[in-house]
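**Q** Take a look at the following structure, please.
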Amino acid sequence: MLTGVHFLLTYKCPYECDHCFVYSSPRAKGTFTLAQITTVLAEARKLGTVQTIFFEGGEPFLYYPLLLEGVRRAREMGFQTGIVTNGYFATSVEDALLWLKPLQEAGVGAISFSDDLFHSGSEEDTPAKRALAAAQQLGISCGVISISPPTVTYSEDNETARGEPIVGGGVRFRGRAVERLTQGLPTRPWQSFTECPYENLRDPGRVHVDAYGNVHLCQGLSMGNLWQTPLSELVRAYQAEKHPLCAPLVEGGPAELAKRYEVPVGEGYIEACHLCYLVRRALIRRFPEYLAPRQVYGLL
Ligand code: SF4
């Protein structure tokens with residue numbers, strides 16, 4: 001049952017982090033208009049199950065008036081709201097209050113701040129920390145999202161001397177992370193990735209929508225296009241078993257996706273998403289409606 005719609009308000013971002021799975025950058029295109037947001041909100045309400053609307057990116061504060069009005073309209077329609085930001089705008093706590101107070105007055109429910117080495121290097125006093133302090137002063141419910149560079153540890157309960165390698169740190173190997181962060185990491189055979197570990201593709205609880213109309217079940221894996229078929233109709237008609245990419249994924253994970261469409265694979269992959277992303281990228285021309293936008297795959 002779909003309870004959350006997350007707007008990728010823009011793909012643009014002042015940063016260009018190595019781990020970003022939607023390839024955001026200052027040059028990225030794809031930003032909602034207010035009219036488009038209003039259309040999507042009306043469709044979300046028609047579904048009757050959606051409770052929460054999130055505004056993310058890219059960096060949603062780059063289009064601040066649009067973000068503020070989006071939160072206002074979502075609240076007026078009875079939705080709970082949230083924002084994910086890297087807090088780049090917080091030159092000081094005092095100044096961050098100027099940005100956050102109108103959002104508090106509009107009734108924003110929660111703000112999550114991305115604060116880690118990828119976003120701010122090793123600085124102690126990061127923009128995200130300043131923004132977090134301001135949000136806390138205003139009594140806004142807050143969280144912190146922190147991803148570490150990949151680490152490798154070894155399990156002990158294995159026949160091999162050092163055990164099975166486990167890659168930690170929280171990076172999901174999709175998008176730019178595949179281009180920038182895979183070097184030297186241990187891999188496992190492609191046939192071992194027989195399920196999707198992170199997304200409930202059979203019964204998705206939330207989707208991400210972008211200005212191009214893509215309804216993402218996972219970044220770059222689209223249910224369909226909401227500018228061609230209204231969101232409420234798309235969601236009601238969706239069945240994973242009938243979706244050309246989700247069907248193999250729910251049946252046997254990324255390994256089955258590769259087998260089903262006879263995509264040439266390498267010997268090893270770091271984790272399921274690493275294999276899934278590369279197989280999907282190889283299938284873009286065959287399924288342009290469902291594997292979009294191309295920029296999320298680092299393609300123009
Ligand atoms: S990349 Fe593939 S395996 Fe990973 S969460 Fe998305 S759909 Fe699942």
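Labeling convention for the structure tokens: chains A, B, ... as they appear, residues from 1 per chain, ligands from 1 in order of appearance.
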Listing only residues of stretch 39-72 of chain A within 10 Å of stretch 192-216 of chain A, what is the closest atom pair and its distance in Å (to one decimal) for each, using only C-alpha atoms, sorted by chain and residue number ascending, as a Markdown table?
**A**
```
| residue | atom | partner | partner_atom | distance |
| --- | --- | --- | --- | --- |
| A:Val40 | CA | A:Val209 | CA | 8.8 |
| A:Thr49 | CA | A:Gly205 | CA | 9.8 |
| A:Val50 | CA | A:Arg206 | CA | 8.6 |
| A:Thr52 | CA | A:Arg206 | CA | 9.0 |
| A:Ile53 | CA | A:Arg206 | CA | 9.5 |
| A:Phe54 | CA | A:His208 | CA | 8.9 |
| A:Phe55 | CA | A:His208 | CA | 9.5 |
| A:Glu56 | CA | A:His208 | CA | 9.0 |
| A:Gly57 | CA | A:Asp210 | CA | 9.0 |
```
**Q** Go ahead and dump the residues you just picked, C-alpha atoms, as a PDB file, in the first residue's frame.
**A**
```pdb
ATOM      1  CA  VAL A  40       1.006  15.189  -8.396  1.00  0.00           C
ATOM      2  CA  THR A  49      -3.598   5.799   1.019  1.00  0.00           C
ATOM      3  CA  VAL A  50      -0.808   8.392   0.799  1.00  0.00           C
ATOM      4  CA  THR A  52       3.395  11.556   3.676  1.00  0.00           C
ATOM      5  CA  ILE A  53       4.937  13.840   1.087  1.00  0.00           C
ATOM      6  CA  PHE A  54       8.710  14.319   1.102  1.00  0.00           C
ATOM      7  CA  PHE A  55      10.761  16.878  -0.783  1.00  0.00           C
ATOM      8  CA  GLU A  56      14.247  15.701  -1.727  1.00  0.00           C
ATOM      9  CA  GLY A  57      16.707  16.013  -4.582  1.00  0.00           C
TER      10      GLY A  57
END
```
**Q** Give as a PDB file with N, CA and C atoms, in the first residue's frame the residues surrounding ligand 1 up to a distance of 10 Å, considering only C-alpha atoms and all ligand atoms.
**A**
```pdb
ATOM      1  N   PHE A  21      23.446   8.351  -5.687  1.00  0.00           N
ATOM      2  CA  PHE A  21      22.897   7.348  -6.606  1.00  0.00           C
ATOM      3  C   PHE A  21      21.966   7.933  -7.657  1.00  0.00           C
ATOM      4  N   ARG A 172      25.139   2.505  -1.117  1.00  0.00           N
ATOM      5  CA  ARG A 172      24.439   1.599  -2.030  1.00  0.00           C
ATOM      6  C   ARG A 172      25.095   1.748  -3.391  1.00  0.00           C
ATOM      7  N   PHE A 173      25.516   0.643  -3.968  1.00  0.00           N
ATOM      8  CA  PHE A 173      26.301   0.724  -5.205  1.00  0.00           C
ATOM      9  C   PHE A 173      25.412   0.850  -6.431  1.00  0.00           C
ATOM     10  N   ARG A 174      24.868   2.059  -6.560  1.00  0.00           N
ATOM     11  CA  ARG A 174      24.106   2.455  -7.734  1.00  0.00           C
ATOM     12  C   ARG A 174      24.613   3.845  -8.124  1.00  0.00           C
ATOM     13  N   GLY A 175      24.339   4.255  -9.373  1.00  0.00           N
ATOM     14  CA  GLY A 175      24.689   5.610  -9.790  1.00  0.00           C
ATOM     15  C   GLY A 175      26.179   5.891  -9.696  1.00  0.00           C
ATOM     16  N   PHE A 193      23.293 -13.261  -6.165  1.00  0.00           N
ATOM     17  CA  PHE A 193      22.385 -12.149  -5.833  1.00  0.00           C
ATOM     18  C   PHE A 193      20.975 -12.468  -6.319  1.00  0.00           C
ATOM     19  N   THR A 194      20.281 -13.240  -5.525  1.00  0.00           N
ATOM     20  CA  THR A 194      18.992 -13.794  -5.958  1.00  0.00           C
ATOM     21  C   THR A 194      17.796 -13.063  -5.364  1.00  0.00           C
ATOM     22  N   GLU A 195      18.038 -11.953  -4.690  1.00  0.00           N
ATOM     23  CA  GLU A 195      16.895 -11.140  -4.250  1.00  0.00           C
ATOM     24  C   GLU A 195      17.302  -9.684  -4.119  1.00  0.00           C
ATOM     25  N   CYS A 196      16.270  -8.833  -4.202  1.00  0.00           N
ATOM     26  CA  CYS A 196      16.479  -7.407  -3.959  1.00  0.00           C
ATOM     27  C   CYS A 196      16.396  -7.193  -2.449  1.00  0.00           C
ATOM     28  N   PRO A 197      17.492  -6.744  -1.815  1.00  0.00           N
ATOM     29  CA  PRO A 197      17.489  -6.667  -0.348  1.00  0.00           C
ATOM     30  C   PRO A 197      16.807  -5.429   0.228  1.00  0.00           C
ATOM     31  N   TYR A 198      16.518  -4.427  -0.577  1.00  0.00           N
ATOM     32  CA  TYR A 198      16.103  -3.139   0.000  1.00  0.00           C
ATOM     33  C   TYR A 198      14.711  -2.649  -0.372  1.00  0.00           C
ATOM     34  N   GLU A 199      14.198  -3.035  -1.516  1.00  0.00           N
ATOM     35  CA  GLU A 199      12.922  -2.464  -1.956  1.00  0.00           C
ATOM     36  C   GLU A 199      11.841  -3.544  -1.995  1.00  0.00           C
ATOM     37  N   ASN A 200      10.648  -3.170  -1.550  1.00  0.00           N
ATOM     38  CA  ASN A 200       9.510  -4.083  -1.666  1.00  0.00           C
ATOM     39  C   ASN A 200       8.836  -3.822  -3.020  1.00  0.00           C
ATOM     40  N   LEU A 201       9.338  -4.481  -4.037  1.00  0.00           N
ATOM     41  CA  LEU A 201       8.855  -4.216  -5.399  1.00  0.00           C
ATOM     42  C   LEU A 201       7.455  -4.770  -5.625  1.00  0.00           C
ATOM     43  N   HIS A 216       9.734   6.380  -9.577  1.00  0.00           N
ATOM     44  CA  HIS A 216      10.823   5.449  -9.270  1.00  0.00           C
ATOM     45  C   HIS A 216      10.435   4.478  -8.154  1.00  0.00           C
ATOM     46  N   LEU A 217      10.589   3.185  -8.454  1.00  0.00           N
ATOM     47  CA  LEU A 217      10.460   2.160  -7.408  1.00  0.00           C
ATOM     48  C   LEU A 217      11.797   1.999  -6.702  1.00  0.00           C
ATOM     49  N   CYS A 218      12.842   2.196  -7.447  1.00  0.00           N
ATOM     50  CA  CYS A 218      14.216   2.296  -6.964  1.00  0.00           C
ATOM     51  C   CYS A 218      14.833   3.292  -7.935  1.00  0.00           C
ATOM     52  N   GLN A 219      15.916   3.956  -7.576  1.00  0.00           N
ATOM     53  CA  GLN A 219      16.434   5.014  -8.449  1.00  0.00           C
ATOM     54  C   GLN A 219      16.670   4.487  -9.866  1.00  0.00           C
ATOM     55  N   GLY A 220      15.967   5.083 -10.839  1.00  0.00           N
ATOM     56  CA  GLY A 220      16.148   4.697 -12.239  1.00  0.00           C
ATOM     57  C   GLY A 220      15.326   3.501 -12.681  1.00  0.00           C
ATOM     58  N   LEU A 221      14.548   2.935 -11.779  1.00  0.00           N
ATOM     59  CA  LEU A 221      13.645   1.815 -12.116  1.00  0.00           C
ATOM     60  C   LEU A 221      12.219   2.333 -11.940  1.00  0.00           C
ATOM     61  N   LEU A 245      10.741  -5.500 -15.766  1.00  0.00           N
ATOM     62  CA  LEU A 245      11.978  -5.568 -14.973  1.00  0.00           C
ATOM     63  C   LEU A 245      11.710  -6.014 -13.549  1.00  0.00           C
ATOM     64  N   CYS A 246      10.594  -5.583 -12.980  1.00  0.00           N
ATOM     65  CA  CYS A 246      10.299  -5.995 -11.598  1.00  0.00           C
ATOM     66  C   CYS A 246       9.948  -7.486 -11.531  1.00  0.00           C
ATOM     67  N   LEU A 249      13.026  -9.384 -11.091  1.00  0.00           N
ATOM     68  CA  LEU A 249      13.657  -8.994  -9.825  1.00  0.00           C
ATOM     69  C   LEU A 249      12.956  -9.637  -8.634  1.00  0.00           C
ATOM     70  N   VAL A 250      11.609  -9.695  -8.658  1.00  0.00           N
ATOM     71  CA  VAL A 250      10.933 -10.317  -7.506  1.00  0.00           C
ATOM     72  C   VAL A 250      11.066 -11.844  -7.563  1.00  0.00           C
ATOM     73  N   GLY A 253      15.746 -11.879  -8.086  1.00  0.00           N
ATOM     74  CA  GLY A 253      16.714 -10.802  -7.845  1.00  0.00           C
ATOM     75  C   GLY A 253      17.483 -10.397  -9.098  1.00  0.00           C
ATOM     76  N   PRO A 254      18.552  -9.597  -8.915  1.00  0.00           N
ATOM     77  CA  PRO A 254      19.335  -9.126 -10.058  1.00  0.00           C
ATOM     78  C   PRO A 254      19.910 -10.272 -10.901  1.00  0.00           C
ATOM     79  N   ALA A 255      20.217 -11.410 -10.284  1.00  0.00           N
ATOM     80  CA  ALA A 255      20.757 -12.543 -11.057  1.00  0.00           C
ATOM     81  C   ALA A 255      19.723 -13.006 -12.084  1.00  0.00           C
ATOM     82  N   LEU A 257      17.335 -11.162 -13.332  1.00  0.00           N
ATOM     83  CA  LEU A 257      17.194 -10.094 -14.333  1.00  0.00           C
ATOM     84  C   LEU A 257      18.258 -10.264 -15.435  1.00  0.00           C
ATOM     85  N   GLU A 271      27.678  -6.124  -4.268  1.00  0.00           N
ATOM     86  CA  GLU A 271      26.400  -6.434  -3.610  1.00  0.00           C
ATOM     87  C   GLU A 271      25.319  -6.443  -4.678  1.00  0.00           C
ATOM     88  N   ALA A 272      24.087  -6.753  -4.249  1.00  0.00           N
ATOM     89  CA  ALA A 272      22.986  -6.934  -5.200  1.00  0.00           C
ATOM     90  C   ALA A 272      22.773  -5.693  -6.062  1.00  0.00           C
ATOM     91  N   CYS A 273      22.800  -4.507  -5.457  1.00  0.00           N
ATOM     92  CA  CYS A 273      22.524  -3.283  -6.217  1.00  0.00           C
ATOM     93  C   CYS A 273      23.588  -3.046  -7.285  1.00  0.00           C
ATOM     94  N   HIS A 274      24.819  -3.414  -6.995  1.00  0.00           N
ATOM     95  CA  HIS A 274      25.907  -3.239  -7.969  1.00  0.00           C
ATOM     96  C   HIS A 274      25.587  -4.015  -9.247  1.00  0.00           C
ATOM     97  N   LEU A 275      25.203  -5.277  -9.088  1.00  0.00           N
ATOM     98  CA  LEU A 275      24.825  -6.093 -10.257  1.00  0.00           C
ATOM     99  C   LEU A 275      23.558  -5.541 -10.906  1.00  0.00           C
ATOM    100  N   CYS A 276      22.556  -5.239 -10.093  1.00  0.00           N
ATOM    101  CA  CYS A 276      21.258  -4.771 -10.600  1.00  0.00           C
ATOM    102  C   CYS A 276      21.426  -3.508 -11.439  1.00  0.00           C
ATOM    103  N   TYR A 277      22.186  -2.564 -10.899  1.00  0.00           N
ATOM    104  CA  TYR A 277      22.367  -1.277 -11.581  1.00  0.00           C
ATOM    105  C   TYR A 277      23.053  -1.473 -12.938  1.00  0.00           C
ATOM    106  N   LEU A 278      24.099  -2.298 -12.959  1.00  0.00           N
ATOM    107  CA  LEU A 278      24.836  -2.467 -14.222  1.00  0.00           C
ATOM    108  C   LEU A 278      24.015  -3.249 -15.249  1.00  0.00           C
ATOM    109  N   VAL A 279      23.238  -4.209 -14.787  1.00  0.00           N
ATOM    110  CA  VAL A 279      22.371  -4.955 -15.715  1.00  0.00           C
ATOM    111  C   VAL A 279      21.306  -4.010 -16.259  1.00  0.00           C
ATOM    112  N   ARG A 280      20.718  -3.201 -15.376  1.00  0.00           N
ATOM    113  CA  ARG A 280      19.689  -2.249 -15.838  1.00  0.00           C
ATOM    114  C   ARG A 280      20.282  -1.263 -16.836  1.00  0.00           C
TER     115      ARG A 280
END
```
**Q** Which residues in stretch 52-110 of chain A does DSSP call helix (DSSP H, G or I)? List them as a PyMOL selection string.
**A** chain A and resi 60-76+93-106
**Q** Between A:Gly4, A:Gly109, A:Gly58, A:Gly30, which is the closest to A:Leu138 once you count only C-alpha atoms?
**A**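 For A:Leu138, the nearest of the candidates is A:Gly109.
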**Q** Pick the closest to A:Gly168 from A:Leu2, A:Ile270, A:Ile145, A:Ala128: which is it, counting only C-alpha atoms?
**A**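 Going through A:Leu2, A:Ile270, A:Ile145, A:Ala128 one by one, the smallest distance to A:Gly168 is for A:Ile270.
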**Q** Identify which of the residues A:Val265, A:Ala90, A:Ala44, A:Leu100 lies closest to A:Pro65, counting only C-alpha atoms when measuring atom-to-atom distances.
**A** A:Leu100
**Q** Distance atom CA of A:Arg73-atom CA of A:Val296, one decimal place?
**A**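 Here the two named atoms are 28.1 Å from each other.
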**Q** Considering only C-alpha atoms, tabulate each residue of stretch 137-183 of chain A that lies at most 7 Å from stretch 16-19 of chain A along with its nearest interatomic pair and the corresponding distance in Å to one decimal; arrange the rows by chain and ascending residue number and present them as a Markdown table.
**A**
```
| residue | atom | partner | partner_atom | distance |
| --- | --- | --- | --- | --- |
| A:Val171 | CA | A:His19 | CA | 6.4 |
| A:Arg176 | CA | A:His19 | CA | 5.9 |
| A:Ala177 | CA | A:His19 | CA | 4.3 |
| A:Arg180 | CA | A:Asp18 | CA | 5.8 |
| A:Leu181 | CA | A:Asp18 | CA | 7.0 |
```
**Q** Kindly give the distance, in Å, that separates atom CA of A:Arg45 and atom CA of A:Ala74, rounded to a single decimal.
**A**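 According to the coordinates, atom CA of A:Arg45 and atom CA of A:Ala74 are separated by 9.6 Å.
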**Q** One decimal, Å: what's the distance from atom CA of A:Leu103 over to atom CA of A:Ser148, could you say?
**A**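 Atom-to-atom, atom CA of A:Leu103 and atom CA of A:Ser148 are spaced 29.3 Å apart.
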